file protein-v5.cif (mmCIF, C-alpha atoms)
data_start
loop_
_atom_site.label_atom_id
_atom_site.label_comp_id
_atom_site.auth_asym_id
_atom_site.auth_seq_id
_atom_site.Cartn_x
_atom_site.Cartn_y
_atom_site.Cartn_z
CA MET K 1 -55.17 -153.87 -114.62
CA VAL K 2 -55.79 -154.43 -110.96
CA LEU K 3 -59.31 -153.14 -111.39
CA GLN K 4 -59.91 -155.44 -114.37
CA LYS K 5 -58.82 -158.51 -112.37
CA PHE K 6 -60.87 -157.51 -109.33
CA ARG K 7 -64.23 -156.96 -111.02
CA PRO K 8 -64.54 -160.26 -112.92
CA LYS K 9 -63.94 -162.17 -109.68
CA ARG K 10 -66.42 -160.30 -107.43
CA PHE K 11 -69.23 -159.10 -109.73
CA PRO K 12 -70.74 -162.54 -110.60
CA GLN K 13 -70.67 -163.50 -106.90
CA PHE K 14 -72.50 -160.28 -106.05
CA LEU K 15 -75.18 -161.10 -108.62
CA LEU K 16 -75.61 -164.58 -107.17
CA VAL K 17 -76.10 -163.19 -103.67
CA CYS K 18 -78.65 -160.66 -104.93
CA ALA K 19 -80.53 -163.34 -106.85
CA PHE K 20 -80.59 -165.59 -103.78
CA VAL K 21 -81.90 -162.81 -101.52
CA LEU K 22 -84.51 -161.81 -104.12
CA SER K 23 -85.72 -165.40 -104.39
CA LEU K 24 -86.16 -165.56 -100.61
CA VAL K 25 -88.19 -162.33 -100.62
CA ILE K 26 -90.43 -163.53 -103.46
CA HIS K 27 -90.93 -166.89 -101.80
CA GLY K 28 -91.82 -165.20 -98.51
CA CYS K 29 -94.34 -162.92 -100.20
CA LEU K 30 -95.97 -165.78 -102.03
CA ALA K 31 -96.10 -167.89 -98.90
CA GLY K 32 -97.61 -164.98 -96.95
CA GLY K 33 -100.15 -164.35 -99.68
CA ASN K 34 -101.25 -167.97 -99.68
CA ARG K 35 -101.41 -168.27 -95.90
CA GLU K 36 -104.98 -168.76 -94.70
CA LEU K 37 -106.35 -166.21 -92.27
CA PRO K 38 -107.55 -167.52 -88.91
CA THR K 39 -111.28 -168.26 -88.99
CA LEU K 40 -113.84 -167.59 -86.27
CA ARG K 41 -117.31 -169.15 -86.39
CA VAL K 42 -119.80 -166.79 -84.76
CA GLY K 43 -123.48 -167.45 -84.09
CA MET K 44 -126.14 -164.74 -84.31
CA ASN K 45 -129.83 -164.07 -84.80
CA ASN K 46 -131.66 -161.16 -86.46
CA TRP K 47 -131.47 -158.69 -83.57
CA PRO K 48 -130.75 -155.21 -85.04
CA GLY K 49 -127.69 -154.70 -82.85
CA TYR K 50 -125.99 -157.79 -84.23
CA MET K 51 -126.70 -156.91 -87.85
CA ILE K 52 -123.71 -154.57 -87.85
CA ALA K 53 -121.63 -157.74 -88.24
CA LEU K 54 -123.30 -158.34 -91.62
CA TYR K 55 -122.01 -154.99 -92.82
CA ALA K 56 -118.56 -155.68 -91.40
CA LYS K 57 -118.36 -158.94 -93.35
CA GLU K 58 -119.65 -157.51 -96.65
CA ALA K 59 -117.35 -154.48 -96.37
CA GLY K 60 -114.32 -156.74 -95.77
CA LEU K 61 -113.59 -155.25 -92.35
CA PHE K 62 -112.83 -158.63 -90.79
CA GLN K 63 -110.34 -159.49 -93.53
CA LYS K 64 -108.68 -156.09 -93.20
CA ARG K 65 -108.07 -157.00 -89.58
CA GLY K 66 -106.59 -160.39 -90.51
CA LEU K 67 -109.61 -162.62 -89.88
CA GLN K 68 -112.09 -164.79 -91.69
CA VAL K 69 -115.45 -164.71 -89.90
CA GLU K 70 -118.22 -167.18 -90.63
CA LEU K 71 -121.59 -165.93 -89.38
CA VAL K 72 -123.95 -168.78 -88.43
CA ARG K 73 -127.63 -167.87 -88.16
CA PHE K 74 -129.91 -169.08 -85.34
CA THR K 75 -133.55 -168.47 -84.44
CA ASN K 76 -133.24 -169.73 -80.86
CA GLN K 77 -130.77 -167.88 -78.63
CA GLN K 78 -130.23 -170.79 -76.26
CA ASP K 79 -129.28 -173.04 -79.19
CA ASN K 80 -126.87 -170.32 -80.24
CA ILE K 81 -124.97 -169.92 -76.96
CA ARG K 82 -125.19 -173.66 -76.25
CA ALA K 83 -123.30 -174.34 -79.50
CA THR K 84 -120.51 -172.03 -78.33
CA ILE K 85 -120.22 -173.53 -74.85
CA ARG K 86 -120.07 -177.03 -76.38
CA GLY K 87 -117.40 -176.02 -78.90
CA SER K 88 -119.34 -176.05 -82.18
CA LEU K 89 -118.93 -172.27 -82.46
CA ASP K 90 -116.14 -169.98 -81.34
CA ALA K 91 -118.47 -167.23 -80.11
CA SER K 92 -122.08 -166.09 -80.11
CA PHE K 93 -123.84 -162.76 -80.29
CA VAL K 94 -126.21 -163.19 -77.37
CA PRO K 95 -127.90 -161.18 -74.60
CA LEU K 96 -126.12 -161.26 -71.25
CA TRP K 97 -129.36 -162.67 -69.79
CA GLU K 98 -129.23 -165.67 -72.13
CA ALA K 99 -125.51 -166.28 -71.52
CA MET K 100 -126.27 -166.49 -67.81
CA GLN K 101 -128.76 -169.29 -68.43
CA VAL K 102 -126.76 -171.55 -70.76
CA ASP K 103 -126.71 -175.23 -69.83
CA PRO K 104 -123.78 -176.34 -67.66
CA GLY K 105 -120.92 -177.85 -69.65
CA ASN K 106 -117.19 -178.41 -69.46
CA ASP K 107 -116.54 -174.68 -69.52
CA ARG K 108 -118.10 -171.44 -68.34
CA PRO K 109 -119.34 -168.53 -70.46
CA ALA K 110 -117.16 -165.46 -70.96
CA TYR K 111 -118.52 -162.12 -72.13
CA VAL K 112 -115.95 -160.28 -74.24
CA MET K 113 -117.82 -157.45 -75.95
CA VAL K 114 -120.99 -155.36 -75.67
CA ALA K 115 -122.70 -154.90 -79.03
CA ASP K 116 -125.58 -152.72 -77.84
CA ILE K 117 -127.94 -151.95 -74.98
CA SER K 118 -131.66 -151.65 -75.53
CA HIS K 119 -132.68 -148.02 -75.22
CA GLY K 120 -136.31 -147.95 -76.27
CA SER K 121 -136.40 -150.96 -78.61
CA ASP K 122 -138.20 -153.11 -76.02
CA GLY K 123 -141.10 -152.33 -73.74
CA ILE K 124 -144.58 -152.98 -72.42
CA VAL K 125 -147.75 -152.09 -74.29
CA ALA K 126 -151.02 -152.09 -72.36
CA ARG K 127 -154.72 -151.59 -72.84
CA SER K 128 -156.20 -148.15 -72.15
CA SER K 129 -157.42 -149.41 -68.76
CA VAL K 130 -153.75 -149.73 -67.64
CA PRO K 131 -152.22 -146.25 -68.01
CA SER K 132 -148.96 -146.94 -66.16
CA VAL K 133 -146.67 -149.65 -64.82
CA LYS K 134 -148.03 -149.05 -61.32
CA ASP K 135 -151.47 -150.01 -62.63
CA LEU K 136 -150.22 -153.50 -63.55
CA ARG K 137 -150.78 -154.66 -59.99
CA GLY K 138 -153.20 -157.60 -60.11
CA LYS K 139 -153.18 -157.63 -63.93
CA THR K 140 -152.08 -160.30 -66.42
CA VAL K 141 -149.05 -159.61 -68.62
CA ALA K 142 -148.03 -161.72 -71.61
CA ALA K 143 -144.29 -162.48 -71.54
CA LYS K 144 -142.19 -165.54 -72.26
CA LEU K 145 -140.71 -166.76 -68.98
CA GLY K 146 -136.94 -167.07 -68.84
CA THR K 147 -136.38 -164.79 -71.84
CA VAL K 148 -135.48 -161.15 -72.35
CA SER K 149 -139.21 -160.35 -72.30
CA HIS K 150 -139.39 -161.65 -68.74
CA LEU K 151 -136.36 -159.55 -67.79
CA ILE K 152 -137.95 -156.40 -69.23
CA LEU K 153 -141.09 -157.00 -67.18
CA LEU K 154 -139.07 -157.54 -64.00
CA GLU K 155 -137.02 -154.37 -64.41
CA ALA K 156 -140.18 -152.39 -65.20
CA LEU K 157 -141.85 -153.66 -62.02
CA GLN K 158 -138.75 -152.96 -59.96
CA SER K 159 -138.61 -149.37 -61.27
CA GLN K 160 -142.01 -148.80 -59.64
CA GLN K 161 -141.34 -150.81 -56.47
CA LEU K 162 -143.70 -153.60 -57.53
CA LYS K 163 -142.97 -157.24 -56.76
CA PRO K 164 -142.97 -159.93 -59.48
CA THR K 165 -145.83 -161.60 -57.64
CA ASP K 166 -147.93 -158.45 -58.04
CA VAL K 167 -148.69 -159.50 -61.62
CA LYS K 168 -149.78 -162.69 -63.33
CA ILE K 169 -147.67 -163.81 -66.26
CA LYS K 170 -149.06 -165.49 -69.36
CA ASP K 171 -146.11 -167.53 -70.62
CA VAL K 172 -146.32 -167.04 -74.40
CA SER K 173 -144.11 -165.93 -77.29
CA ASN K 174 -143.92 -162.41 -78.66
CA ASP K 175 -146.38 -162.95 -81.53
CA ILE K 176 -148.90 -164.78 -79.38
CA ALA K 177 -148.65 -162.04 -76.76
CA VAL K 178 -149.79 -159.46 -79.29
CA GLN K 179 -152.69 -161.67 -80.38
CA LEU K 180 -153.87 -162.18 -76.81
CA LEU K 181 -153.62 -158.47 -76.09
CA SER K 182 -155.62 -157.64 -79.21
CA LYS K 183 -158.35 -160.06 -78.14
CA GLY K 184 -158.47 -158.61 -74.64
CA GLU K 185 -157.30 -161.84 -73.01
CA VAL K 186 -154.39 -160.13 -71.26
CA ASP K 187 -153.96 -156.61 -69.94
CA ALA K 188 -150.47 -155.93 -71.26
CA ALA K 189 -147.68 -157.54 -73.26
CA VAL K 190 -143.92 -157.29 -73.40
CA VAL K 191 -142.81 -156.90 -77.02
CA TRP K 192 -140.21 -155.10 -79.09
CA GLU K 193 -140.28 -152.66 -81.95
CA PRO K 194 -141.90 -152.32 -84.40
CA LEU K 195 -144.63 -154.43 -82.77
CA LEU K 196 -144.51 -152.29 -79.64
CA SER K 197 -145.67 -149.06 -81.28
CA GLU K 198 -147.85 -150.77 -83.87
CA THR K 199 -149.79 -152.71 -81.24
CA ALA K 200 -150.38 -149.60 -79.12
CA VAL K 201 -152.03 -147.92 -82.11
CA LYS K 202 -153.98 -151.03 -83.09
CA ILE K 203 -155.59 -151.58 -79.67
CA LYS K 204 -155.84 -147.83 -78.90
CA GLY K 205 -153.69 -148.46 -75.87
CA LYS K 206 -150.39 -147.08 -74.64
CA VAL K 207 -146.73 -147.97 -74.34
CA ILE K 208 -146.31 -147.74 -70.56
CA PHE K 209 -142.63 -148.67 -70.35
CA THR K 210 -139.56 -148.95 -72.54
CA THR K 211 -135.94 -149.79 -71.80
CA LYS K 212 -135.17 -146.10 -72.30
CA ASP K 213 -136.78 -145.46 -68.90
CA VAL K 214 -134.01 -147.29 -66.98
CA ASP K 215 -130.33 -148.18 -67.17
CA SER K 216 -131.45 -151.31 -68.92
CA LEU K 217 -130.27 -154.83 -68.21
CA VAL K 218 -131.08 -155.80 -71.80
CA ILE K 219 -127.42 -155.95 -72.74
CA ASP K 220 -126.41 -157.64 -75.98
CA GLY K 221 -122.90 -158.71 -76.79
CA LEU K 222 -120.43 -161.39 -77.73
CA ALA K 223 -119.92 -164.46 -75.54
CA THR K 224 -117.47 -167.32 -75.82
CA ARG K 225 -115.98 -170.04 -73.62
CA ALA K 226 -113.63 -168.90 -70.87
CA SER K 227 -110.93 -171.27 -72.15
CA PHE K 228 -111.30 -170.00 -75.73
CA ALA K 229 -111.03 -166.39 -74.56
CA ALA K 230 -107.88 -167.21 -72.60
CA ASN K 231 -106.20 -168.95 -75.55
CA HIS K 232 -107.31 -166.65 -78.39
CA GLN K 233 -106.80 -163.14 -77.09
CA ALA K 234 -105.10 -161.99 -80.31
CA GLU K 235 -107.89 -163.19 -82.63
CA LEU K 236 -110.58 -161.74 -80.38
CA THR K 237 -108.76 -158.42 -80.28
CA GLN K 238 -108.72 -158.31 -84.09
CA LEU K 239 -112.45 -159.12 -84.08
CA MET K 240 -113.04 -156.20 -81.69
CA LEU K 241 -111.04 -153.88 -83.93
CA ALA K 242 -113.19 -154.83 -86.92
CA TRP K 243 -116.31 -154.27 -84.80
CA LEU K 244 -115.12 -150.79 -83.81
CA ASP K 245 -114.44 -150.09 -87.49
CA ALA K 246 -118.07 -151.03 -88.24
CA ILE K 247 -119.46 -148.88 -85.42
CA HIS K 248 -117.39 -145.97 -86.73
CA ALA K 249 -119.03 -146.54 -90.12
CA VAL K 250 -122.45 -146.35 -88.46
CA ASP K 251 -121.43 -142.99 -87.02
CA THR K 252 -119.92 -141.55 -90.21
CA GLN K 253 -121.78 -143.21 -93.10
CA PRO K 254 -124.99 -144.74 -91.69
CA ASP K 255 -126.78 -144.77 -95.06
CA ARG K 256 -124.13 -147.07 -96.50
CA VAL K 257 -124.23 -149.38 -93.48
CA PHE K 258 -128.01 -149.68 -93.35
CA ALA K 259 -128.26 -150.14 -97.13
CA SER K 260 -125.81 -153.06 -96.91
CA ILE K 261 -127.73 -154.71 -94.08
CA ALA K 262 -131.06 -154.09 -95.83
CA ARG K 263 -129.86 -155.84 -99.00
CA GLN K 264 -128.78 -158.88 -97.03
CA LEU K 265 -132.02 -159.08 -95.03
CA GLY K 266 -134.45 -158.16 -97.80
CA GLN K 267 -135.64 -155.08 -95.92
CA THR K 268 -135.59 -151.36 -96.59
CA PRO K 269 -132.74 -149.20 -95.30
CA GLU K 270 -135.32 -147.06 -93.51
CA SER K 271 -136.70 -150.01 -91.53
CA VAL K 272 -133.20 -151.17 -90.56
CA ALA K 273 -132.27 -147.66 -89.42
CA LYS K 274 -135.47 -147.35 -87.40
CA ASP K 275 -134.94 -150.70 -85.67
CA TYR K 276 -131.37 -149.74 -84.80
CA SER K 277 -132.33 -146.29 -83.49
CA GLY K 278 -133.68 -147.80 -80.25
CA LEU K 279 -130.24 -149.07 -79.21
CA LEU K 280 -127.14 -147.64 -77.59
CA LYS K 281 -124.23 -148.46 -79.92
CA GLY K 282 -121.50 -150.75 -78.64
CA GLY K 283 -118.60 -148.48 -79.46
CA VAL K 284 -115.53 -147.39 -77.52
CA GLU K 285 -117.22 -145.37 -74.79
CA LEU K 286 -120.00 -147.87 -74.06
CA ASN K 287 -117.63 -150.84 -73.89
CA ARG K 288 -115.22 -148.95 -71.66
CA ARG K 289 -118.05 -148.16 -69.25
CA MET K 290 -119.41 -151.71 -69.30
CA PHE K 291 -116.06 -153.39 -68.64
CA GLU K 292 -115.14 -150.90 -65.93
CA GLY K 293 -117.83 -152.23 -63.61
CA ARG K 294 -121.28 -151.98 -65.14
CA LEU K 295 -121.30 -155.55 -66.46
CA GLU K 296 -120.55 -156.99 -63.03
CA ALA K 297 -123.24 -154.80 -61.46
CA ALA K 298 -125.73 -155.79 -64.16
CA LYS K 299 -125.01 -159.46 -63.54
CA ASN K 300 -125.75 -159.04 -59.86
CA GLU K 301 -128.99 -157.20 -60.60
CA ILE K 302 -130.11 -159.92 -63.01
CA VAL K 303 -129.36 -162.60 -60.42
CA GLN K 304 -131.44 -160.79 -57.83
CA LEU K 305 -134.38 -160.28 -60.20
CA LEU K 306 -134.37 -163.94 -61.17
CA LYS K 307 -134.25 -165.03 -57.56
CA LEU K 308 -137.28 -162.85 -56.80
CA ASP K 309 -139.31 -164.59 -59.50
CA PRO K 310 -138.61 -168.34 -59.67
CA ARG K 311 -141.37 -168.85 -62.25
CA HIS K 312 -138.66 -168.86 -64.95
CA ARG K 313 -137.33 -172.22 -63.67
CA GLN K 314 -133.91 -171.50 -65.15
CA VAL K 315 -130.48 -172.32 -63.76
CA ILE K 316 -128.63 -169.05 -63.16
CA ARG K 317 -124.98 -169.06 -64.26
CA GLU K 318 -123.37 -166.76 -61.69
CA ASP K 319 -119.95 -168.00 -62.83
CA ILE K 320 -120.01 -165.98 -66.06
CA GLU K 321 -116.65 -164.31 -66.68
CA PHE K 322 -116.16 -160.78 -68.01
CA ASP K 323 -112.91 -160.89 -69.98
CA ARG K 324 -112.01 -157.27 -70.66
CA GLY K 325 -108.62 -158.03 -72.24
CA PRO K 326 -109.47 -158.19 -75.96
CA MET K 327 -111.78 -155.16 -75.95
CA MET K 328 -109.52 -152.98 -73.82
CA THR K 329 -106.55 -153.84 -76.04
CA ALA K 330 -108.62 -153.04 -79.12
CA ILE K 331 -109.70 -149.70 -77.66
CA GLU K 332 -106.07 -148.79 -77.00
CA GLN K 333 -105.06 -149.71 -80.57
CA TRP K 334 -108.06 -148.48 -82.53
CA LYS K 335 -107.93 -145.23 -84.47
CA PRO K 336 -110.67 -143.79 -86.73
#
call {"tool": "encode", "arguments": {"input": "protein-v5.cif", "output": "structure tokens"}}
result
Amino acid sequence: MVLQKFRPKRFPQFLLVCAFVLSLVIHGCLAGGNRELPTLRVGMNNWPGYMIALYAKEAGLFQKRGLQVELVRFTNQQDNIRATIRGSLDASFVPLWEAMQVDPGNDRPAYVMVADISHGSDGIVARSSVPSVKDLRGKTVAAKLGTVSHLILLEALQSQQLKPTDVKIKDVSNDIAVQLLSKGEVDAAVVWEPLLSETAVKIKGKVIFTTKDVDSLVIDGLATRASFAANHQAELTQLMLAWLDAIHAVDTQPDRVFASIARQLGQTPESVAKDYSGLLKGGVELNRRMFEGRLEAAKNEIVQLLKLDPRHRQVIREDIEFDRGPMMTAIEQWKP
């Protein structure tokens, strides 16, 4: 009888408690499911090294890491990084060279990730009368001043102890450079693949230099504002984790990655793979090396090269910050 009196009093109360707890759990799950993921707006152009982000987005790698990423396309790199410095974007895929030339604003640029380093994708093609970089002395080279093409020319000249003033520069775009070289109006041109190899064959000339010949300063990566980097370390770390996931996919299932990018760009997987083959991948080892001193050294080298050749007429941003926090944290956390 004691048991019969005890159970009717306690059992309904127990059910009410369980129901209340269950309702809290369900409400929490629904609220969590409806919660919007933080969004990052990231600018980019069609450089092969940046295209890995297209795969990451299509494969849902950003979402798996708790982010929404909106990729905003640009044709002009300075417009791209300028939008980030002014606050219209959260970050930009941009060469280090370009980040160091962005217009002054209320903030300074911060480099937070290396996406790739040119390792043969860029170079100098010359007429048969110019068999080597040393033979450029007194010659005219087509290269757009103040761009990566100009940087490639300067590091090529430096590798052979030539001064910038040893050559004349025809300040033209990549496509125009090839046209002038084909017409014999310049002696050499700074271009990138596939134009580099194609032009050498077309004019029966020679590729006399590529970024594979040096520890290249053509470094591509992700830049943001210093204040944004300081206040959004967690989101940037998740972005780095997704990037490392994508680079791992390039290593383990490249056909799938290049097929995804090819569909989005209207190219063939073979052409995408070929374009990407001239780059050093921005994975764990490369980023560790870059943030352990190489980026700072590269900045100093770029500054010196620009000072030696003032024809670029650009303002050099020596105040660029290298924020290693998000990438180093991602490297510590990431597992294949």
call {"tool": "atom_distance", "arguments": {"input": "protein-v5.cif", "atom1": "atom CA of K:Phe62", "atom2": "atom CA of K:Leu286"}}
result
21.1 Å
call {"tool": "atom_distance", "arguments": {"input": "protein-v5.cif", "atom1": "atom CA of K:Gly184", "atom2": "atom CA of K:Thr210"}}
result
21.3 Å
call {"tool": "resolve_selection", "arguments": {"input": "protein-v5.cif", "expression": "the PyMOL selection byres ((chain K and resi 84) around 12)", "output": "PDB file with C-alpha atoms, in the frame of the given file"}}
result
ATOM      1  CA  LEU K  40    -113.840-167.590 -86.270  1.00  0.00           C
ATOM      2  CA  ARG K  41    -117.310-169.150 -86.390  1.00  0.00           C
ATOM      3  CA  VAL K  42    -119.800-166.790 -84.760  1.00  0.00           C
ATOM      4  CA  GLY K  43    -123.480-167.450 -84.090  1.00  0.00           C
ATOM      5  CA  MET K  44    -126.140-164.740 -84.310  1.00  0.00           C
ATOM      6  CA  VAL K  72    -123.950-168.780 -88.430  1.00  0.00           C
ATOM      7  CA  GLN K  77    -130.770-167.880 -78.630  1.00  0.00           C
ATOM      8  CA  GLN K  78    -130.230-170.790 -76.260  1.00  0.00           C
ATOM      9  CA  ASP K  79    -129.280-173.040 -79.190  1.00  0.00           C
ATOM     10  CA  ASN K  80    -126.870-170.320 -80.240  1.00  0.00           C
ATOM     11  CA  ILE K  81    -124.970-169.920 -76.960  1.00  0.00           C
ATOM     12  CA  ARG K  82    -125.190-173.660 -76.250  1.00  0.00           C
ATOM     13  CA  ALA K  83    -123.300-174.340 -79.500  1.00  0.00           C
ATOM     14  CA  ILE K  85    -120.220-173.530 -74.850  1.00  0.00           C
ATOM     15  CA  ARG K  86    -120.070-177.030 -76.380  1.00  0.00           C
ATOM     16  CA  GLY K  87    -117.400-176.020 -78.900  1.00  0.00           C
ATOM     17  CA  SER K  88    -119.340-176.050 -82.180  1.00  0.00           C
ATOM     18  CA  LEU K  89    -118.930-172.270 -82.460  1.00  0.00           C
ATOM     19  CA  ASP K  90    -116.140-169.980 -81.340  1.00  0.00           C
ATOM     20  CA  ALA K  91    -118.470-167.230 -80.110  1.00  0.00           C
ATOM     21  CA  SER K  92    -122.080-166.090 -80.110  1.00  0.00           C
ATOM     22  CA  PHE K  93    -123.840-162.760 -80.290  1.00  0.00           C
ATOM     23  CA  VAL K  94    -126.210-163.190 -77.370  1.00  0.00           C
ATOM     24  CA  ALA K  99    -125.510-166.280 -71.520  1.00  0.00           C
ATOM     25  CA  VAL K 102    -126.760-171.550 -70.760  1.00  0.00           C
ATOM     26  CA  ASP K 103    -126.710-175.230 -69.830  1.00  0.00           C
ATOM     27  CA  PRO K 104    -123.780-176.340 -67.660  1.00  0.00           C
ATOM     28  CA  GLY K 105    -120.920-177.850 -69.650  1.00  0.00           C
ATOM     29  CA  ASN K 106    -117.190-178.410 -69.460  1.00  0.00           C
ATOM     30  CA  ASP K 107    -116.540-174.680 -69.520  1.00  0.00           C
ATOM     31  CA  ARG K 108    -118.100-171.440 -68.340  1.00  0.00           C
ATOM     32  CA  PRO K 109    -119.340-168.530 -70.460  1.00  0.00           C
ATOM     33  CA  ALA K 110    -117.160-165.460 -70.960  1.00  0.00           C
ATOM     34  CA  TYR K 111    -118.520-162.120 -72.130  1.00  0.00           C
ATOM     35  CA  LEU K 222    -120.430-161.390 -77.730  1.00  0.00           C
ATOM     36  CA  ALA K 223    -119.920-164.460 -75.540  1.00  0.00           C
ATOM     37  CA  THR K 224    -117.470-167.320 -75.820  1.00  0.00           C
ATOM     38  CA  ARG K 225    -115.980-170.040 -73.620  1.00  0.00           C
ATOM     39  CA  ALA K 226    -113.630-168.900 -70.870  1.00  0.00           C
ATOM     40  CA  SER K 227    -110.930-171.270 -72.150  1.00  0.00           C
ATOM     41  CA  PHE K 228    -111.300-170.000 -75.730  1.00  0.00           C
ATOM     42  CA  ALA K 229    -111.030-166.390 -74.560  1.00  0.00           C
TER      43      ALA K 229
END
call {"tool": "closest_atom_pairs", "arguments": {"input": "protein-v5.cif", "of": "stretch 169-260 of chain K", "to": "stretch 128-141 of chain K", "cutoff": "8 Å", "atoms": "all atoms listed in the file", "output": "tab-separated table"}}
result
residue	atom	partner	partner_atom	distance
K:Ile169	CA	K:Val141	CA	5.0
K:Lys170	CA	K:Val141	CA	5.9
K:Val186	CA	K:Thr140	CA	5.4
K:Asp187	CA	K:Thr140	CA	5.4
K:Ala188	CA	K:Val141	CA	4.7
K:Ala189	CA	K:Val141	CA	5.3
K:Val190	CA	K:Val141	CA	7.4
K:Lys204	CA	K:Ser128	CA	6.8
K:Gly205	CA	K:Ser128	CA	4.5
K:Lys206	CA	K:Ser128	CA	6.4
K:Ile208	CA	K:Ser132	CA	5.2
K:Phe209	CA	K:Val133	CA	6.9
call {"tool": "residues_around", "arguments": {"input": "protein-v5.cif", "residues": "K:Ile176", "least_positions_apart": "5", "cutoff": "10 Å", "atoms": "all atoms listed in the file", "output": "list in words"}}
result
Ala142, Ala143, Lys144, Asp171, Leu181, Ser182 and Ala189 of chain K
call {"tool": "resolve_selection", "arguments": {"input": "protein-v5.cif", "expression": "the PyMOL selection byres ((chain K and resi 119) around 8)", "output": "PDB file with C-alpha atoms, in the coordinates of the input"}}
result
ATOM      1  CA  ILE K 117    -127.940-151.950 -74.980  1.00  0.00           C
ATOM      2  CA  SER K 118    -131.660-151.650 -75.530  1.00  0.00           C
ATOM      3  CA  GLY K 120    -136.310-147.950 -76.270  1.00  0.00           C
ATOM      4  CA  SER K 121    -136.400-150.960 -78.610  1.00  0.00           C
ATOM      5  CA  ASP K 122    -138.200-153.110 -76.020  1.00  0.00           C
ATOM      6  CA  THR K 210    -139.560-148.950 -72.540  1.00  0.00           C
ATOM      7  CA  THR K 211    -135.940-149.790 -71.800  1.00  0.00           C
ATOM      8  CA  LYS K 212    -135.170-146.100 -72.300  1.00  0.00           C
ATOM      9  CA  ASP K 213    -136.780-145.460 -68.900  1.00  0.00           C
ATOM     10  CA  SER K 216    -131.450-151.310 -68.920  1.00  0.00           C
ATOM     11  CA  GLY K 278    -133.680-147.800 -80.250  1.00  0.00           C
ATOM     12  CA  LEU K 279    -130.240-149.070 -79.210  1.00  0.00           C
ATOM     13  CA  LEU K 280    -127.140-147.640 -77.590  1.00  0.00           C
TER      14      LEU K 280
END
call {"tool": "atom_distance", "arguments": {"input": "protein-v5.cif", "atom1": "atom CA of K:Ala56", "atom2": "atom CA of K:Asp220"}}
result
17.4 Å
call {"tool": "resolve_selection", "arguments": {"input": "protein-v5.cif", "expression": "the PyMOL selection byres ((chain K and resi 301) around 12)", "output": "mmCIF file with C-alpha atoms, in the frame of the given file"}}
result
data_model
loop_
_atom_site.group_PDB
_atom_site.id
_atom_site.type_symbol
_atom_site.label_atom_id
_atom_site.label_comp_id
_atom_site.auth_asym_id
_atom_site.auth_seq_id
_atom_site.Cartn_x
_atom_site.Cartn_y
_atom_site.Cartn_z
ATOM 1 C CA LEU K 96 -126.120 -161.260 -71.250
ATOM 2 C CA TRP K 97 -129.360 -162.670 -69.790
ATOM 3 C CA LEU K 151 -136.360 -159.550 -67.790
ATOM 4 C CA LEU K 154 -139.070 -157.540 -64.000
ATOM 5 C CA GLU K 155 -137.020 -154.370 -64.410
ATOM 6 C CA GLN K 158 -138.750 -152.960 -59.960
ATOM 7 C CA ASP K 215 -130.330 -148.180 -67.170
ATOM 8 C CA SER K 216 -131.450 -151.310 -68.920
ATOM 9 C CA LEU K 217 -130.270 -154.830 -68.210
ATOM 10 C CA VAL K 218 -131.080 -155.800 -71.800
ATOM 11 C CA ARG K 294 -121.280 -151.980 -65.140
ATOM 12 C CA LEU K 295 -121.300 -155.550 -66.460
ATOM 13 C CA GLU K 296 -120.550 -156.990 -63.030
ATOM 14 C CA ALA K 297 -123.240 -154.800 -61.460
ATOM 15 C CA ALA K 298 -125.730 -155.790 -64.160
ATOM 16 C CA LYS K 299 -125.010 -159.460 -63.540
ATOM 17 C CA ASN K 300 -125.750 -159.040 -59.860
ATOM 18 C CA ILE K 302 -130.110 -159.920 -63.010
ATOM 19 C CA VAL K 303 -129.360 -162.600 -60.420
ATOM 20 C CA GLN K 304 -131.440 -160.790 -57.830
ATOM 21 C CA LEU K 305 -134.380 -160.280 -60.200
ATOM 22 C CA LEU K 306 -134.370 -163.940 -61.170
ATOM 23 C CA LYS K 307 -134.250 -165.030 -57.560
ATOM 24 C CA LEU K 308 -137.280 -162.850 -56.800
ATOM 25 C CA GLU K 318 -123.370 -166.760 -61.690
#
call {"tool": "residues_around", "arguments": {"input": "protein-v5.cif", "residues": "stretch 271-274 of chain K", "least_positions_apart": "4", "cutoff": "10 Å", "atoms": "all atoms listed in the file", "output": "ChimeraX atom specification"}}
result
/K:48,51,121,193-194,250,254-255,257-262,265,267,278-279
call {"tool": "write_last_selection", "arguments": {"input": "protein-v5.cif", "atoms": "C-alpha atoms", "output": "mmCIF file, keeping the file's coordinate frame"}}
result
data_model
loop_
_atom_site.group_PDB
_atom_site.id
_atom_site.type_symbol
_atom_site.label_atom_id
_atom_site.label_comp_id
_atom_site.auth_asym_id
_atom_site.auth_seq_id
_atom_site.Cartn_x
_atom_site.Cartn_y
_atom_site.Cartn_z
ATOM 1 C CA PRO K 48 -130.750 -155.210 -85.040
ATOM 2 C CA MET K 51 -126.700 -156.910 -87.850
ATOM 3 C CA SER K 121 -136.400 -150.960 -78.610
ATOM 4 C CA GLU K 193 -140.280 -152.660 -81.950
ATOM 5 C CA PRO K 194 -141.900 -152.320 -84.400
ATOM 6 C CA VAL K 250 -122.450 -146.350 -88.460
ATOM 7 C CA PRO K 254 -124.990 -144.740 -91.690
ATOM 8 C CA ASP K 255 -126.780 -144.770 -95.060
ATOM 9 C CA VAL K 257 -124.230 -149.380 -93.480
ATOM 10 C CA PHE K 258 -128.010 -149.680 -93.350
ATOM 11 C CA ALA K 259 -128.260 -150.140 -97.130
ATOM 12 C CA SER K 260 -125.810 -153.060 -96.910
ATOM 13 C CA ILE K 261 -127.730 -154.710 -94.080
ATOM 14 C CA ALA K 262 -131.060 -154.090 -95.830
ATOM 15 C CA LEU K 265 -132.020 -159.080 -95.030
ATOM 16 C CA GLN K 267 -135.640 -155.080 -95.920
ATOM 17 C CA GLY K 278 -133.680 -147.800 -80.250
ATOM 18 C CA LEU K 279 -130.240 -149.070 -79.210
#
